[in-house]
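S.K.: This is final35.cif, which holds mmCIF, C-alpha atoms:
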data_structure
loop_
_atom_site.label_atom_id
_atom_site.label_comp_id
_atom_site.auth_asym_id
_atom_site.auth_seq_id
_atom_site.Cartn_x
_atom_site.Cartn_y
_atom_site.Cartn_z
CA MET A 1 93.43 -38.06 -110.63
CA ASN A 2 92.77 -37.13 -107.00
CA LYS A 3 92.81 -39.86 -104.40
CA LYS A 4 89.51 -40.32 -102.57
CA ARG A 5 89.77 -39.29 -98.93
CA LYS A 6 89.38 -42.22 -96.55
CA VAL A 7 87.28 -41.80 -93.41
CA PHE A 8 87.29 -44.24 -90.49
CA VAL A 9 84.05 -44.07 -88.49
CA ILE A 10 83.74 -45.43 -84.95
CA ASN A 11 80.38 -45.63 -83.18
CA CYS A 12 80.28 -47.46 -79.85
CA GLY A 13 76.91 -48.40 -78.43
CA SER A 14 76.03 -50.20 -75.24
CA THR A 15 76.15 -53.68 -76.84
CA SER A 16 77.95 -53.13 -80.14
CA ILE A 17 80.58 -51.20 -82.03
CA LYS A 18 79.61 -49.99 -85.47
CA LEU A 19 82.65 -49.46 -87.68
CA ALA A 20 82.77 -48.15 -91.22
CA ILE A 21 85.25 -46.99 -93.80
CA PHE A 22 84.21 -44.42 -96.36
CA GLU A 23 85.98 -43.20 -99.45
CA GLU A 24 84.51 -39.72 -99.74
CA ARG A 25 80.75 -40.39 -99.40
CA ASP A 26 80.88 -44.04 -100.47
CA CYS A 27 80.81 -46.65 -97.71
CA VAL A 28 83.31 -49.32 -98.78
CA LEU A 29 83.19 -51.44 -95.61
CA LYS A 30 80.98 -51.56 -92.55
CA SER A 31 80.51 -53.87 -89.63
CA ASN A 32 78.32 -54.05 -86.55
CA VAL A 33 80.41 -55.97 -84.02
CA HIS A 34 78.62 -57.39 -80.99
CA VAL A 35 80.30 -56.64 -77.66
CA PRO A 36 80.06 -59.65 -75.33
CA THR A 37 77.93 -59.16 -72.22
CA GLU A 38 80.86 -60.07 -69.98
CA ILE A 39 82.63 -56.91 -71.23
CA THR A 40 79.64 -54.60 -70.83
CA THR A 41 78.70 -55.79 -67.33
CA LYS A 42 81.93 -56.49 -65.46
CA TYR A 43 83.20 -52.93 -65.09
CA LEU A 44 82.06 -50.14 -62.79
CA THR A 45 82.65 -47.39 -65.38
CA VAL A 46 82.37 -47.33 -69.16
CA ALA A 47 85.97 -46.11 -69.47
CA GLU A 48 87.18 -49.37 -67.92
CA GLN A 49 85.91 -51.21 -71.03
CA LEU A 50 88.38 -49.30 -73.22
CA PRO A 51 91.18 -51.92 -73.55
CA GLU A 52 88.72 -54.67 -74.52
CA ARG A 53 86.79 -52.44 -76.90
CA ARG A 54 90.09 -51.37 -78.52
CA ARG A 55 90.96 -55.03 -79.09
CA ILE A 56 87.65 -55.52 -80.92
CA VAL A 57 88.42 -52.59 -83.24
CA GLU A 58 91.97 -53.80 -83.77
CA GLN A 59 90.64 -57.25 -84.70
CA PHE A 60 88.25 -55.66 -87.25
CA LEU A 61 91.14 -53.77 -88.86
CA ASN A 62 93.41 -56.83 -88.91
CA GLU A 63 90.76 -59.19 -90.28
CA ASN A 64 90.09 -56.77 -93.13
CA ASN A 65 93.79 -56.02 -93.80
CA ILE A 66 93.28 -52.32 -93.13
CA ASP A 67 96.29 -50.15 -92.43
CA PRO A 68 95.18 -47.28 -90.14
CA SER A 69 97.90 -45.04 -91.61
CA THR A 70 95.82 -44.87 -94.81
CA PHE A 71 93.01 -42.95 -93.08
CA ASP A 72 92.69 -39.26 -93.88
CA ILE A 73 90.43 -38.58 -90.90
CA ILE A 74 88.74 -40.40 -88.04
CA ALA A 75 85.15 -39.50 -87.19
CA SER A 76 83.92 -40.79 -83.84
CA ARG A 77 80.52 -40.71 -82.28
CA GLY A 78 80.58 -37.86 -79.80
CA GLY A 79 80.55 -39.02 -76.23
CA SER A 80 79.05 -37.73 -73.02
CA ILE A 81 80.80 -34.36 -72.91
CA PRO A 82 79.28 -31.15 -71.47
CA LEU A 83 76.30 -29.79 -73.41
CA CYS A 84 77.37 -28.29 -76.74
CA ARG A 85 75.96 -27.17 -80.08
CA SER A 86 75.60 -29.74 -82.88
CA GLY A 87 78.33 -30.17 -85.46
CA ALA A 88 81.94 -31.30 -85.65
CA TYR A 89 84.54 -30.80 -82.93
CA ILE A 90 88.24 -31.58 -83.08
CA VAL A 91 89.20 -34.16 -80.46
CA ASN A 92 91.86 -33.00 -78.02
CA ASP A 93 93.41 -34.25 -74.77
CA TYR A 94 91.00 -32.21 -72.65
CA MET A 95 88.01 -33.91 -74.32
CA ILE A 96 89.54 -37.34 -73.69
CA ASP A 97 90.18 -36.43 -70.02
CA VAL A 98 86.57 -35.29 -69.59
CA LEU A 99 85.26 -38.51 -71.15
CA THR A 100 87.59 -40.63 -69.02
CA TYR A 101 87.20 -38.94 -65.64
CA ALA A 102 84.20 -36.60 -65.71
CA ALA A 103 81.71 -37.74 -68.35
CA ARG A 104 78.19 -36.35 -67.93
CA THR A 105 76.83 -39.91 -67.96
CA GLN A 106 78.18 -43.44 -68.22
CA HIS A 107 77.48 -43.93 -71.93
CA ALA A 108 79.38 -46.28 -74.27
CA SER A 109 79.46 -43.59 -76.97
CA SER A 110 82.32 -41.98 -75.03
CA LEU A 111 84.51 -44.96 -75.93
CA SER A 112 84.28 -44.12 -79.65
CA CYS A 113 86.28 -40.95 -79.17
CA MET A 114 88.74 -42.65 -76.84
CA ILE A 115 89.38 -45.49 -79.31
CA GLY A 116 89.79 -43.08 -82.23
CA ASP A 117 92.24 -41.02 -80.19
CA LYS A 118 94.70 -43.92 -80.11
CA TYR A 119 94.85 -44.13 -83.92
CA ALA A 120 94.83 -40.36 -84.37
CA LYS A 121 97.89 -39.96 -82.15
CA GLU A 122 99.74 -43.04 -83.38
CA TYR A 123 99.36 -42.16 -87.06
CA ASN A 124 99.02 -38.37 -86.84
CA ILE A 125 95.49 -38.41 -88.30
CA PRO A 126 92.92 -35.63 -87.75
CA HIS A 127 90.14 -36.79 -85.43
CA ILE A 128 86.69 -35.30 -84.92
CA ILE A 129 83.46 -36.07 -83.15
CA TYR A 130 80.19 -35.17 -84.77
CA ASP A 131 76.87 -34.48 -83.06
CA SER A 132 77.73 -35.55 -79.56
CA VAL A 133 75.12 -37.32 -77.47
CA SER A 134 75.31 -34.10 -75.42
CA VAL A 135 74.03 -31.79 -78.17
CA ASP A 136 72.02 -28.81 -76.96
CA ASP A 137 70.37 -27.11 -79.95
CA VAL A 138 66.97 -26.45 -78.44
CA ASP A 139 65.32 -23.05 -78.27
CA GLU A 140 65.77 -21.36 -74.90
CA ILE A 141 62.02 -21.54 -74.20
CA MET A 142 62.29 -25.35 -74.03
CA LYS A 143 64.57 -25.03 -71.00
CA TYR A 144 62.01 -23.19 -68.85
CA THR A 145 60.39 -25.18 -66.05
CA GLY A 146 58.31 -22.45 -64.48
CA ILE A 147 60.44 -22.60 -61.34
CA PRO A 148 62.91 -19.70 -61.02
CA GLY A 149 66.51 -20.85 -61.14
CA ILE A 150 65.70 -24.36 -62.38
CA THR A 151 65.99 -25.19 -66.06
CA ASN A 152 65.47 -28.36 -68.08
CA ASN A 153 68.51 -30.27 -69.26
CA SER A 154 68.14 -30.26 -73.01
CA GLY A 155 70.64 -32.96 -73.96
CA MET A 156 69.12 -35.32 -76.51
CA HIS A 157 69.96 -38.15 -78.89
CA THR A 158 70.66 -35.91 -81.87
CA LEU A 159 72.13 -38.60 -84.12
CA ASN A 160 68.96 -40.66 -83.93
CA VAL A 161 66.63 -37.67 -84.22
CA ARG A 162 68.41 -36.39 -87.33
CA MET A 163 68.56 -39.83 -88.97
CA VAL A 164 64.85 -40.40 -88.45
CA SER A 165 64.01 -36.88 -89.67
CA ARG A 166 66.15 -37.24 -92.79
CA THR A 167 64.61 -40.64 -93.54
CA VAL A 168 61.07 -39.29 -93.23
CA ALA A 169 61.91 -36.20 -95.33
CA GLU A 170 63.30 -38.50 -98.02
CA LYS A 171 60.13 -40.62 -97.98
CA LEU A 172 58.06 -37.44 -98.26
CA LYS A 173 60.31 -36.36 -101.17
CA LYS A 174 60.93 -33.05 -99.41
CA PRO A 175 64.23 -31.32 -98.66
CA PHE A 176 65.18 -31.97 -95.04
CA GLU A 177 65.78 -28.25 -94.47
CA GLN A 178 62.15 -27.48 -95.40
CA CYS A 179 60.63 -29.99 -92.98
CA ARG A 180 59.53 -29.63 -89.38
CA PHE A 181 59.10 -32.76 -87.28
CA ILE A 182 58.35 -33.76 -83.75
CA VAL A 183 60.57 -36.74 -82.94
CA VAL A 184 60.45 -38.84 -79.79
CA HIS A 185 63.46 -41.02 -79.01
CA LEU A 186 62.38 -43.93 -76.81
#
Using structure tokens, write down the structure from this file.
M.R.:
Amino acid sequence: MNKKRKVFVINCGSTSIKLAIFEERDCVLKSNVHVPTEITTKYLTVAEQLPERRRIVEQFLNENNIDPSTFDIIASRGGSIPLCRSGAYIVNDYMIDVLTYAARTQHASSLSCMIGDKYAKEYNIPHIIYDSVSVDDVDEIMKYTGIPGITNNSGMHTLNVRMVSRTVAEKLKKPFEQCRFIVVHL
């Protein structure tokens, strides 16, 4: 019998860290850990929160007796990297450097990738991001402003847009791929 692949998911938000462990598609453990305000407000940059956010993740793993070496892959929320197409990207040192020193914005999602990188390197585990907060999948016409040489920045909150769209498609009992929605992320 084949062993189910184990996925460790890390999703840092501005005031929380959502952590989950999947065996194939089945979520076997999840947690939404609050990040204390003193951590989120005392640093000038998001990257400076990294040691304290890592401790929170380490505590989650320890409290649940989880050995990181048992993970088959780590999937992190994509951080504030340069605009890119949606999908999965393998995390590498260049991506970590960009998130640490040259992120597009100061967004806590960047910490997800940085935290996952520690475990990926320590235990030799593949590590990906999926649908970065910097996804740019819009049609070219949406970038036009009407002013020559100036285009709209099309980065959007793809994770939220897709989740809402999939939820609505499910409620409509229609395949997601056959639906067209206008979604506003506020």
S.K.: On this structure, the PyMOL selection byres ((chain A and resi 62-78) around 9) would catch which residues? List them as a tab-separated table (two decimals) with C-alpha atoms, keeping the file's coordinate frame, sorted by chain and number.
M.R.:
chain	number	residue	atom	x	y	z
A	5	ARG	CA	89.77	-39.29	-98.93
A	6	LYS	CA	89.38	-42.22	-96.55
A	7	VAL	CA	87.28	-41.80	-93.41
A	8	PHE	CA	87.29	-44.24	-90.49
A	9	VAL	CA	84.05	-44.07	-88.49
A	10	ILE	CA	83.74	-45.43	-84.95
A	11	ASN	CA	80.38	-45.63	-83.18
A	12	CYS	CA	80.28	-47.46	-79.85
A	21	ILE	CA	85.25	-46.99	-93.80
A	57	VAL	CA	88.42	-52.59	-83.24
A	58	GLU	CA	91.97	-53.80	-83.77
A	59	GLN	CA	90.64	-57.25	-84.70
A	60	PHE	CA	88.25	-55.66	-87.25
A	61	LEU	CA	91.14	-53.77	-88.86
A	79	GLY	CA	80.55	-39.02	-76.23
A	80	SER	CA	79.05	-37.73	-73.02
A	81	ILE	CA	80.80	-34.36	-72.91
A	88	ALA	CA	81.94	-31.30	-85.65
A	89	TYR	CA	84.54	-30.80	-82.93
A	109	SER	CA	79.46	-43.59	-76.97
A	110	SER	CA	82.32	-41.98	-75.03
A	111	LEU	CA	84.51	-44.96	-75.93
A	112	SER	CA	84.28	-44.12	-79.65
A	113	CYS	CA	86.28	-40.95	-79.17
A	114	MET	CA	88.74	-42.65	-76.84
A	115	ILE	CA	89.38	-45.49	-79.31
A	116	GLY	CA	89.79	-43.08	-82.23
A	117	ASP	CA	92.24	-41.02	-80.19
A	119	TYR	CA	94.85	-44.13	-83.92
A	120	ALA	CA	94.83	-40.36	-84.37
A	122	GLU	CA	99.74	-43.04	-83.38
A	123	TYR	CA	99.36	-42.16	-87.06
A	124	ASN	CA	99.02	-38.37	-86.84
A	125	ILE	CA	95.49	-38.41	-88.30
A	126	PRO	CA	92.92	-35.63	-87.75
A	127	HIS	CA	90.14	-36.79	-85.43
A	128	ILE	CA	86.69	-35.30	-84.92
A	129	ILE	CA	83.46	-36.07	-83.15
A	130	TYR	CA	80.19	-35.17	-84.77
A	131	ASP	CA	76.87	-34.48	-83.06
A	132	SER	CA	77.73	-35.55	-79.56
A	133	VAL	CA	75.12	-37.32	-77.47
A	134	SER	CA	75.31	-34.10	-75.42
A	159	LEU	CA	72.13	-38.60	-84.12
S.K.: Once the PyMOL selection byres ((chain A and resi 39-43) around 10) is applied to the coordinates I shared, what remains selected? I want it as a VMD selection string.
M.R.: chain A and resid 14 to 16 35 to 38 44 to 50 52 to 53 108
S.K.: One decimal, in Å: what's the spacing between atom CA of Gln106 of chain A and atom CA of Tyr144 of chain A?
M.R.: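 Distance between the two atoms: 25.9 Å.
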S.K.: Taking 5 positions as the minimum chain separation for residues in the same chain, which residues sit within 10 Å of segment 160-171 of chain A when counting all atoms listed in the file? Answer as a list in words.
M.R.: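 Close residues of segment 160-171 of chain A: Asp131, Val133, Phe176, Glu177, Gln178, Cys179, Arg180, Phe181, Ile182, Val183, Val184 and His185 of chain A.
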S.K.: Measure the distance from atom CA of Ile90 of chain A to atom CA of Lys121 of chain A in Å and round it to one decimal.
M.R.: 12.8 Å
S.K.: Given 8 Å on each side, where is the centre and what are the edge lengths in Å to one decimal of the axis-aligned box enclosing the listed atoms of segment 110-121 of chain A, as JSON?
M.R.:
{"center_x": 90.1, "center_y": -42.7, "center_z": -79.7, "size_x": 31.6, "size_y": 21.5, "size_z": 25.3}
S.K.: Please report the interatomic distance between atom CA of Cys84 of chain A and atom CA of Asp136 of chain A in Å with one decimal.
M.R.: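 Pair atom CA of Cys84 of chain A / atom CA of Asp136 of chain A returns 5.4 Å.
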S.K.: Out of A:Lys18, A:Ile141, A:Leu29, A:Glu24, which residue has the shortest atom-to-atom distance to Asn2 of chain A when counting only C-alpha atoms?
M.R.: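 Closest to Asn2 of chain A of all the choices is A:Glu24.
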